[in-house]
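For reference, my_file-v1.cif is printed below; it contains mmCIF, N, CA and C atoms and all ligand atoms.
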data_model
#
loop_
_atom_site.group_PDB
_atom_site.id
_atom_site.type_symbol
_atom_site.label_atom_id
_atom_site.label_comp_id
_atom_site.auth_asym_id
_atom_site.auth_seq_id
_atom_site.Cartn_x
_atom_site.Cartn_y
_atom_site.Cartn_z
ATOM 1 N N MET A 1 5.199 -10.073 -7.979
ATOM 2 C CA MET A 1 5.425 -10.495 -6.595
ATOM 3 C C MET A 1 6.486 -9.608 -5.948
ATOM 4 N N VAL A 2 6.206 -9.170 -4.759
ATOM 5 C CA VAL A 2 7.120 -8.304 -4.032
ATOM 6 C C VAL A 2 7.546 -9.024 -2.754
ATOM 7 N N PRO A 3 8.840 -9.314 -2.592
ATOM 8 C CA PRO A 3 9.268 -9.970 -1.338
ATOM 9 C C PRO A 3 8.907 -9.103 -0.147
ATOM 10 N N PHE A 4 8.354 -9.708 0.856
ATOM 11 C CA PHE A 4 7.995 -8.929 2.043
ATOM 12 C C PHE A 4 8.095 -9.822 3.257
ATOM 13 N N GLU A 5 9.085 -9.564 4.098
ATOM 14 C CA GLU A 5 9.291 -10.326 5.318
ATOM 15 C C GLU A 5 9.243 -11.825 5.019
ATOM 16 N N ASP A 6 8.391 -12.578 5.685
ATOM 17 C CA ASP A 6 8.423 -14.019 5.488
ATOM 18 C C ASP A 6 7.384 -14.496 4.482
ATOM 19 N N GLY A 7 6.987 -13.607 3.596
ATOM 20 C CA GLY A 7 6.015 -14.018 2.600
ATOM 21 C C GLY A 7 6.168 -13.180 1.358
ATOM 22 N N TYR A 8 5.206 -13.262 0.506
ATOM 23 C CA TYR A 8 5.206 -12.457 -0.699
ATOM 24 C C TYR A 8 3.903 -11.707 -0.789
ATOM 25 N N LEU A 9 4.025 -10.490 -1.214
ATOM 26 C CA LEU A 9 2.851 -9.676 -1.446
ATOM 27 C C LEU A 9 2.545 -9.765 -2.935
ATOM 28 N N VAL A 10 1.384 -10.217 -3.272
ATOM 29 C CA VAL A 10 0.996 -10.347 -4.668
ATOM 30 C C VAL A 10 0.255 -9.092 -5.080
ATOM 31 N N ASP A 11 0.859 -8.312 -5.949
ATOM 32 C CA ASP A 11 0.218 -7.045 -6.303
ATOM 33 C C ASP A 11 -0.449 -7.128 -7.669
ATOM 34 N N THR A 12 -1.128 -8.197 -7.895
ATOM 35 C CA THR A 12 -1.891 -8.359 -9.123
ATOM 36 C C THR A 12 -3.356 -8.604 -8.757
ATOM 37 N N PRO A 13 -4.243 -8.400 -9.688
ATOM 38 C CA PRO A 13 -5.658 -8.713 -9.408
ATOM 39 C C PRO A 13 -5.794 -10.168 -8.977
ATOM 40 N N GLY A 14 -6.672 -10.417 -8.046
ATOM 41 C CA GLY A 14 -6.842 -11.777 -7.563
ATOM 42 C C GLY A 14 -6.164 -12.015 -6.237
ATOM 43 N N PHE A 15 -5.430 -11.010 -5.739
ATOM 44 C CA PHE A 15 -4.706 -11.149 -4.478
ATOM 45 C C PHE A 15 -5.608 -11.497 -3.311
ATOM 46 N N SER A 16 -6.873 -11.118 -3.412
ATOM 47 C CA SER A 16 -7.742 -11.266 -2.242
ATOM 48 C C SER A 16 -7.909 -12.728 -1.838
ATOM 49 N N GLU A 17 -7.608 -13.654 -2.767
ATOM 50 C CA GLU A 17 -7.673 -15.068 -2.423
ATOM 51 C C GLU A 17 -6.432 -15.503 -1.662
ATOM 52 N N VAL A 18 -5.402 -14.691 -1.709
ATOM 53 C CA VAL A 18 -4.118 -15.067 -1.114
ATOM 54 C C VAL A 18 -4.017 -14.620 0.334
ATOM 55 N N GLY A 19 -4.541 -13.456 0.635
ATOM 56 C CA GLY A 19 -4.406 -12.920 1.990
ATOM 57 C C GLY A 19 -3.147 -12.085 2.109
ATOM 58 N N LEU A 20 -3.068 -11.301 3.155
ATOM 59 C CA LEU A 20 -1.982 -10.332 3.253
ATOM 60 C C LEU A 20 -1.104 -10.537 4.482
ATOM 61 N N TRP A 21 -1.191 -11.683 5.126
ATOM 62 C CA TRP A 21 -0.277 -12.022 6.209
ATOM 63 C C TRP A 21 -0.202 -10.944 7.289
ATOM 64 N N GLY A 22 -1.334 -10.340 7.594
ATOM 65 C CA GLY A 22 -1.358 -9.410 8.705
ATOM 66 C C GLY A 22 -0.589 -8.123 8.500
ATOM 67 N N ILE A 23 -0.377 -7.702 7.259
ATOM 68 C CA ILE A 23 0.286 -6.425 7.009
ATOM 69 C C ILE A 23 -0.614 -5.290 7.487
ATOM 70 N N GLU A 24 -0.019 -4.367 8.231
ATOM 71 C CA GLU A 24 -0.773 -3.212 8.686
ATOM 72 C C GLU A 24 -0.989 -2.250 7.522
ATOM 73 N N PRO A 25 -2.153 -1.602 7.475
ATOM 74 C CA PRO A 25 -2.385 -0.637 6.383
ATOM 75 C C PRO A 25 -1.256 0.389 6.246
ATOM 76 N N ARG A 26 -0.702 0.846 7.374
ATOM 77 C CA ARG A 26 0.339 1.871 7.284
ATOM 78 C C ARG A 26 1.663 1.310 6.780
ATOM 79 N N GLU A 27 1.835 -0.011 6.809
ATOM 80 C CA GLU A 27 3.064 -0.630 6.311
ATOM 81 C C GLU A 27 2.988 -0.935 4.826
ATOM 82 N N LEU A 28 1.791 -0.867 4.290
ATOM 83 C CA LEU A 28 1.579 -1.351 2.932
ATOM 84 C C LEU A 28 2.383 -0.577 1.888
ATOM 85 N N ALA A 29 2.462 0.740 2.031
ATOM 86 C CA ALA A 29 3.145 1.543 1.017
ATOM 87 C C ALA A 29 4.605 1.125 0.869
ATOM 88 N N SER A 30 5.229 0.675 1.963
ATOM 89 C CA SER A 30 6.644 0.289 1.900
ATOM 90 C C SER A 30 6.839 -1.023 1.137
ATOM 91 N N CYS A 31 5.754 -1.713 0.827
ATOM 92 C CA CYS A 31 5.822 -2.921 -0.003
ATOM 93 C C CYS A 31 5.977 -2.567 -1.482
ATOM 94 N N PHE A 32 5.784 -1.308 -1.808
ATOM 95 C CA PHE A 32 5.930 -0.855 -3.187
ATOM 96 C C PHE A 32 7.240 -0.082 -3.283
ATOM 97 N N PRO A 33 8.277 -0.688 -3.893
ATOM 98 C CA PRO A 33 9.607 -0.065 -3.886
ATOM 99 C C PRO A 33 9.620 1.364 -4.411
ATOM 100 N N GLU A 34 8.821 1.657 -5.428
ATOM 101 C CA GLU A 34 8.850 3.017 -5.979
ATOM 102 C C GLU A 34 8.144 4.016 -5.076
ATOM 103 N N PHE A 35 7.390 3.535 -4.086
ATOM 104 C CA PHE A 35 6.747 4.443 -3.128
ATOM 105 C C PHE A 35 7.714 4.817 -2.003
ATOM 106 N N ARG A 36 8.668 3.934 -1.717
ATOM 107 C CA ARG A 36 9.480 4.091 -0.506
ATOM 108 C C ARG A 36 10.167 5.443 -0.364
ATOM 109 N N PRO A 37 10.785 5.974 -1.452
ATOM 110 C CA PRO A 37 11.473 7.277 -1.272
ATOM 111 C C PRO A 37 10.528 8.399 -0.880
ATOM 112 N N LEU A 38 9.243 8.213 -1.126
ATOM 113 C CA LEU A 38 8.268 9.281 -0.888
ATOM 114 C C LEU A 38 7.541 9.139 0.445
ATOM 115 N N ILE A 39 7.659 7.963 1.054
ATOM 116 C CA ILE A 39 6.971 7.751 2.328
ATOM 117 C C ILE A 39 7.590 8.697 3.362
ATOM 118 N N GLY A 40 6.765 9.399 4.070
ATOM 119 C CA GLY A 40 7.261 10.379 5.024
ATOM 120 C C GLY A 40 7.375 11.778 4.431
ATOM 121 N N GLU A 41 7.247 11.868 3.099
ATOM 122 C CA GLU A 41 7.305 13.170 2.429
ATOM 123 C C GLU A 41 5.926 13.801 2.302
ATOM 124 N N CYS A 42 4.880 13.007 2.534
ATOM 125 C CA CYS A 42 3.527 13.545 2.427
ATOM 126 C C CYS A 42 3.274 14.563 3.540
ATOM 127 N N ARG A 43 2.274 15.375 3.334
ATOM 128 C CA ARG A 43 1.974 16.411 4.323
ATOM 129 C C ARG A 43 1.602 15.798 5.671
ATOM 130 N N PHE A 44 0.857 14.695 5.621
ATOM 131 C CA PHE A 44 0.425 14.045 6.857
ATOM 132 C C PHE A 44 1.228 12.775 7.089
ATOM 133 N N GLN A 45 1.741 12.612 8.295
ATOM 134 C CA GLN A 45 2.538 11.423 8.613
ATOM 135 C C GLN A 45 1.735 10.139 8.464
ATOM 136 N N ASP A 46 0.432 10.225 8.711
ATOM 137 C CA ASP A 46 -0.396 9.020 8.599
ATOM 138 C C ASP A 46 -1.127 8.963 7.263
ATOM 139 N N CYS A 47 -0.543 9.607 6.255
ATOM 140 C CA CYS A 47 -1.154 9.653 4.925
ATOM 141 C C CYS A 47 -1.383 8.236 4.397
ATOM 142 N N ARG A 48 -2.571 8.018 3.840
ATOM 143 C CA ARG A 48 -2.892 6.708 3.261
ATOM 144 C C ARG A 48 -2.712 6.728 1.756
ATOM 145 N N HIS A 49 -2.368 7.894 1.208
ATOM 146 C CA HIS A 49 -2.082 8.039 -0.220
ATOM 147 C C HIS A 49 -3.305 7.706 -1.073
ATOM 148 N N VAL A 50 -4.465 8.040 -0.573
ATOM 149 C CA VAL A 50 -5.694 7.753 -1.305
ATOM 150 C C VAL A 50 -6.293 9.058 -1.823
ATOM 151 N N SER A 51 -6.642 9.965 -0.904
ATOM 152 C CA SER A 51 -7.251 11.218 -1.349
ATOM 153 C C SER A 51 -6.798 12.390 -0.490
ATOM 154 N N GLU A 52 -5.730 12.169 0.324
ATOM 155 C CA GLU A 52 -5.266 13.222 1.218
ATOM 156 C C GLU A 52 -4.612 14.352 0.419
ATOM 157 N N PRO A 53 -4.817 15.595 0.877
ATOM 158 C CA PRO A 53 -4.093 16.709 0.249
ATOM 159 C C PRO A 53 -2.612 16.646 0.616
ATOM 160 N N GLY A 54 -1.768 17.115 -0.299
ATOM 161 C CA GLY A 54 -0.334 17.154 -0.016
ATOM 162 C C GLY A 54 0.337 15.808 -0.092
ATOM 163 N N CYS A 55 -0.294 14.850 -0.748
ATOM 164 C CA CYS A 55 0.278 13.509 -0.838
ATOM 165 C C CYS A 55 1.321 13.454 -1.953
ATOM 166 N N ARG A 56 2.554 13.067 -1.605
ATOM 167 C CA ARG A 56 3.647 13.028 -2.590
ATOM 168 C C ARG A 56 3.499 11.857 -3.550
ATOM 169 N N ILE A 57 2.903 10.785 -3.081
ATOM 170 C CA ILE A 57 2.742 9.619 -3.955
ATOM 171 C C ILE A 57 1.689 9.911 -5.027
ATOM 172 N N GLN A 58 0.591 10.529 -4.624
ATOM 173 C CA GLN A 58 -0.405 10.931 -5.623
ATOM 174 C C GLN A 58 0.192 11.949 -6.592
ATOM 175 N N ALA A 59 1.031 12.839 -6.079
ATOM 176 C CA ALA A 59 1.679 13.829 -6.938
ATOM 177 C C ALA A 59 2.619 13.149 -7.933
ATOM 178 N N ALA A 60 3.329 12.108 -7.473
ATOM 179 C CA ALA A 60 4.255 11.383 -8.348
ATOM 180 C C ALA A 60 3.495 10.669 -9.465
ATOM 181 N N VAL A 61 2.320 10.169 -9.149
ATOM 182 C CA VAL A 61 1.485 9.544 -10.181
ATOM 183 C C VAL A 61 1.036 10.604 -11.186
ATOM 184 N N ALA A 62 0.640 11.753 -10.681
ATOM 185 C CA ALA A 62 0.205 12.834 -11.566
ATOM 186 C C ALA A 62 1.341 13.292 -12.469
ATOM 187 N N ASP A 63 2.584 13.233 -11.950
ATOM 188 C CA ASP A 63 3.764 13.633 -12.725
ATOM 189 C C ASP A 63 4.241 12.538 -13.676
ATOM 190 N N GLY A 64 3.688 11.339 -13.538
ATOM 191 C CA GLY A 64 4.133 10.234 -14.372
ATOM 192 C C GLY A 64 5.325 9.480 -13.809
ATOM 193 N N ALA A 65 5.770 9.822 -12.592
ATOM 194 C CA ALA A 65 6.921 9.156 -11.978
ATOM 195 C C ALA A 65 6.552 7.766 -11.457
ATOM 196 N N ILE A 66 5.303 7.585 -11.110
ATOM 197 C CA ILE A 66 4.798 6.290 -10.665
ATOM 198 C C ILE A 66 3.616 5.941 -11.562
ATOM 199 N N ALA A 67 3.588 4.692 -12.027
ATOM 200 C CA ALA A 67 2.502 4.259 -12.916
ATOM 201 C C ALA A 67 1.177 4.261 -12.163
ATOM 202 N N PRO A 68 0.145 4.812 -12.805
ATOM 203 C CA PRO A 68 -1.162 4.859 -12.135
ATOM 204 C C PRO A 68 -1.662 3.493 -11.681
ATOM 205 N N ASP A 69 -1.316 2.441 -12.423
ATOM 206 C CA ASP A 69 -1.834 1.127 -12.014
ATOM 207 C C ASP A 69 -1.148 0.606 -10.757
ATOM 208 N N ARG A 70 0.054 1.138 -10.445
ATOM 209 C CA ARG A 70 0.701 0.767 -9.184
ATOM 210 C C ARG A 70 -0.062 1.365 -8.006
ATOM 211 N N LEU A 71 -0.470 2.615 -8.170
ATOM 212 C CA LEU A 71 -1.249 3.239 -7.100
ATOM 213 C C LEU A 71 -2.601 2.549 -6.975
ATOM 214 N N GLU A 72 -3.158 2.135 -8.097
ATOM 215 C CA GLU A 72 -4.436 1.423 -8.060
ATOM 216 C C GLU A 72 -4.273 0.092 -7.329
ATOM 217 N N SER A 73 -3.185 -0.618 -7.601
ATOM 218 C CA SER A 73 -2.915 -1.877 -6.887
ATOM 219 C C SER A 73 -2.800 -1.612 -5.388
ATOM 220 N N TYR A 74 -2.069 -0.556 -5.053
ATOM 221 C CA TYR A 74 -1.903 -0.186 -3.655
ATOM 222 C C TYR A 74 -3.259 0.067 -2.987
ATOM 223 N N ARG A 75 -4.103 0.813 -3.688
ATOM 224 C CA ARG A 75 -5.414 1.142 -3.107
ATOM 225 C C ARG A 75 -6.271 -0.097 -2.897
ATOM 226 N N LEU A 76 -6.209 -1.030 -3.843
ATOM 227 C CA LEU A 76 -6.962 -2.275 -3.697
ATOM 228 C C LEU A 76 -6.446 -3.066 -2.500
ATOM 229 N N LEU A 77 -5.118 -3.125 -2.359
ATOM 230 C CA LEU A 77 -4.529 -3.846 -1.242
ATOM 231 C C LEU A 77 -4.838 -3.157 0.080
ATOM 232 N N LEU A 78 -4.832 -1.828 0.055
ATOM 233 C CA LEU A 78 -5.140 -1.077 1.269
ATOM 234 C C LEU A 78 -6.565 -1.394 1.741
ATOM 235 N N ALA A 79 -7.497 -1.424 0.790
ATOM 236 C CA ALA A 79 -8.882 -1.748 1.144
ATOM 237 C C ALA A 79 -8.936 -3.147 1.754
ATOM 238 N N GLU A 80 -8.104 -4.035 1.205
ATOM 239 C CA GLU A 80 -8.077 -5.408 1.702
ATOM 240 C C GLU A 80 -7.516 -5.466 3.133
ATOM 241 N N THR A 81 -6.424 -4.759 3.390
ATOM 242 C CA THR A 81 -5.835 -4.787 4.727
ATOM 243 C C THR A 81 -6.780 -4.155 5.741
ATOM 244 N N GLU A 82 -7.473 -3.103 5.323
ATOM 245 C CA GLU A 82 -8.362 -2.426 6.252
ATOM 246 C C GLU A 82 -9.625 -3.233 6.519
ATOM 247 N N ALA A 83 -9.930 -4.176 5.639
ATOM 248 C CA ALA A 83 -11.122 -5.006 5.805
ATOM 249 C C ALA A 83 -10.854 -6.210 6.689
ATOM 250 N N GLU A 84 -9.565 -6.487 6.977
ATOM 251 C CA GLU A 84 -9.237 -7.679 7.760
ATOM 252 C C GLU A 84 -9.763 -7.567 9.174
ATOM 253 N N PRO A 85 -10.339 -8.626 9.684
ATOM 254 C CA PRO A 85 -10.805 -8.612 11.068
ATOM 255 C C PRO A 85 -9.650 -8.461 12.049
ATOM 256 N N GLU A 86 -9.897 -7.807 13.152
ATOM 257 C CA GLU A 86 -8.865 -7.531 14.143
ATOM 258 C C GLU A 86 -8.225 -8.804 14.680
ATOM 259 N N GLU A 87 -9.018 -9.868 14.824
ATOM 260 C CA GLU A 87 -8.485 -11.081 15.458
ATOM 261 C C GLU A 87 -7.434 -11.791 14.622
ATOM 262 N N TRP A 88 -7.210 -11.320 13.390
ATOM 263 C CA TRP A 88 -6.143 -11.886 12.569
ATOM 264 C C TRP A 88 -4.778 -11.406 13.025
ATOM 265 N N GLU A 89 -4.739 -10.357 13.817
ATOM 266 C CA GLU A 89 -3.455 -9.781 14.218
ATOM 267 C C GLU A 89 -2.639 -10.758 15.059
HETATM 268 ZN ZN ZN B 101 0.607 10.159 0.764
#
Output the file's structure as structure tokens, nothing else.
Ligand SMILES: [Zn+2]
Amino acid sequence: MVPFEDGYLVDTPGFSEVGLWGIEPRELASCFPEFRPLIGECRFQDCRHVSEPGCRIQAAVADGAIAPDRLESYRLLLAETEAEPEEWE
């Protein structure tokens, strides 16, 4: 569980039953403490850290600085946030 504003972000499998409290896809990376120092370091300011070239978070995973399953959790959550209907905002 990761404290996030007025709720908790559950970064374990099964989160999809919990919902994401309207977190924007671009805010999601900051919910992962080990990603925070790298946010803004990617080549693209709007990097989603999925398959973009020059991504520092993907590079950190490749270097072993970030556990691959953390990036996998992030990607699952990102897909979830991007799937949310607009009217939830
Ligand atoms: Zn990135």
Could you tell me, counting only C-alpha atoms and all ligand atoms, which protein and nucleic acid residues lie no more than 10 Å from ligand ZN 101 (chain B), written as an mmCIF file with N, CA and C atoms, in the coordinates of the input?
data_model
loop_
_atom_site.group_PDB
_atom_site.id
_atom_site.type_symbol
_atom_site.label_atom_id
_atom_site.label_comp_id
_atom_site.auth_asym_id
_atom_site.auth_seq_id
_atom_site.Cartn_x
_atom_site.Cartn_y
_atom_site.Cartn_z
ATOM 1 N N ALA A 29 2.462 0.740 2.031
ATOM 2 C CA ALA A 29 3.145 1.543 1.017
ATOM 3 C C ALA A 29 4.605 1.125 0.869
ATOM 4 N N PHE A 35 7.390 3.535 -4.086
ATOM 5 C CA PHE A 35 6.747 4.443 -3.128
ATOM 6 C C PHE A 35 7.714 4.817 -2.003
ATOM 7 N N LEU A 38 9.243 8.213 -1.126
ATOM 8 C CA LEU A 38 8.268 9.281 -0.888
ATOM 9 C C LEU A 38 7.541 9.139 0.445
ATOM 10 N N ILE A 39 7.659 7.963 1.054
ATOM 11 C CA ILE A 39 6.971 7.751 2.328
ATOM 12 C C ILE A 39 7.590 8.697 3.362
ATOM 13 N N GLY A 40 6.765 9.399 4.070
ATOM 14 C CA GLY A 40 7.261 10.379 5.024
ATOM 15 C C GLY A 40 7.375 11.778 4.431
ATOM 16 N N GLU A 41 7.247 11.868 3.099
ATOM 17 C CA GLU A 41 7.305 13.170 2.429
ATOM 18 C C GLU A 41 5.926 13.801 2.302
ATOM 19 N N CYS A 42 4.880 13.007 2.534
ATOM 20 C CA CYS A 42 3.527 13.545 2.427
ATOM 21 C C CYS A 42 3.274 14.563 3.540
ATOM 22 N N ARG A 43 2.274 15.375 3.334
ATOM 23 C CA ARG A 43 1.974 16.411 4.323
ATOM 24 C C ARG A 43 1.602 15.798 5.671
ATOM 25 N N PHE A 44 0.857 14.695 5.621
ATOM 26 C CA PHE A 44 0.425 14.045 6.857
ATOM 27 C C PHE A 44 1.228 12.775 7.089
ATOM 28 N N GLN A 45 1.741 12.612 8.295
ATOM 29 C CA GLN A 45 2.538 11.423 8.613
ATOM 30 C C GLN A 45 1.735 10.139 8.464
ATOM 31 N N ASP A 46 0.432 10.225 8.711
ATOM 32 C CA ASP A 46 -0.396 9.020 8.599
ATOM 33 C C ASP A 46 -1.127 8.963 7.263
ATOM 34 N N CYS A 47 -0.543 9.607 6.255
ATOM 35 C CA CYS A 47 -1.154 9.653 4.925
ATOM 36 C C CYS A 47 -1.383 8.236 4.397
ATOM 37 N N ARG A 48 -2.571 8.018 3.840
ATOM 38 C CA ARG A 48 -2.892 6.708 3.261
ATOM 39 C C ARG A 48 -2.712 6.728 1.756
ATOM 40 N N HIS A 49 -2.368 7.894 1.208
ATOM 41 C CA HIS A 49 -2.082 8.039 -0.220
ATOM 42 C C HIS A 49 -3.305 7.706 -1.073
ATOM 43 N N VAL A 50 -4.465 8.040 -0.573
ATOM 44 C CA VAL A 50 -5.694 7.753 -1.305
ATOM 45 C C VAL A 50 -6.293 9.058 -1.823
ATOM 46 N N SER A 51 -6.642 9.965 -0.904
ATOM 47 C CA SER A 51 -7.251 11.218 -1.349
ATOM 48 C C SER A 51 -6.798 12.390 -0.490
ATOM 49 N N GLU A 52 -5.730 12.169 0.324
ATOM 50 C CA GLU A 52 -5.266 13.222 1.218
ATOM 51 C C GLU A 52 -4.612 14.352 0.419
ATOM 52 N N PRO A 53 -4.817 15.595 0.877
ATOM 53 C CA PRO A 53 -4.093 16.709 0.249
ATOM 54 C C PRO A 53 -2.612 16.646 0.616
ATOM 55 N N GLY A 54 -1.768 17.115 -0.299
ATOM 56 C CA GLY A 54 -0.334 17.154 -0.016
ATOM 57 C C GLY A 54 0.337 15.808 -0.092
ATOM 58 N N CYS A 55 -0.294 14.850 -0.748
ATOM 59 C CA CYS A 55 0.278 13.509 -0.838
ATOM 60 C C CYS A 55 1.321 13.454 -1.953
ATOM 61 N N ARG A 56 2.554 13.067 -1.605
ATOM 62 C CA ARG A 56 3.647 13.028 -2.590
ATOM 63 C C ARG A 56 3.499 11.857 -3.550
ATOM 64 N N ILE A 57 2.903 10.785 -3.081
ATOM 65 C CA ILE A 57 2.742 9.619 -3.955
ATOM 66 C C ILE A 57 1.689 9.911 -5.027
ATOM 67 N N GLN A 58 0.591 10.529 -4.624
ATOM 68 C CA GLN A 58 -0.405 10.931 -5.623
ATOM 69 C C GLN A 58 0.192 11.949 -6.592
ATOM 70 N N ALA A 59 1.031 12.839 -6.079
ATOM 71 C CA ALA A 59 1.679 13.829 -6.938
ATOM 72 C C ALA A 59 2.619 13.149 -7.933
ATOM 73 N N ALA A 60 3.329 12.108 -7.473
ATOM 74 C CA ALA A 60 4.255 11.383 -8.348
ATOM 75 C C ALA A 60 3.495 10.669 -9.465
#
Query raised in the report: By how many Å are CA of Cys31 (chain A) and atom N of Asp69 (chain A) apart?
Result: 15.3 Å
Query - Atom-to-atom span, CA of Asp63 (chain A) and CA of Leu76 (chain A), Å - result: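 Straight-line distance from CA of Asp63 (chain A) to CA of Leu76 (chain A) works out to 21.2 Å.
Between CA of Leu77 (chain A) and CA of Glu34 (chain A) lies a distance of 15.8 Å.
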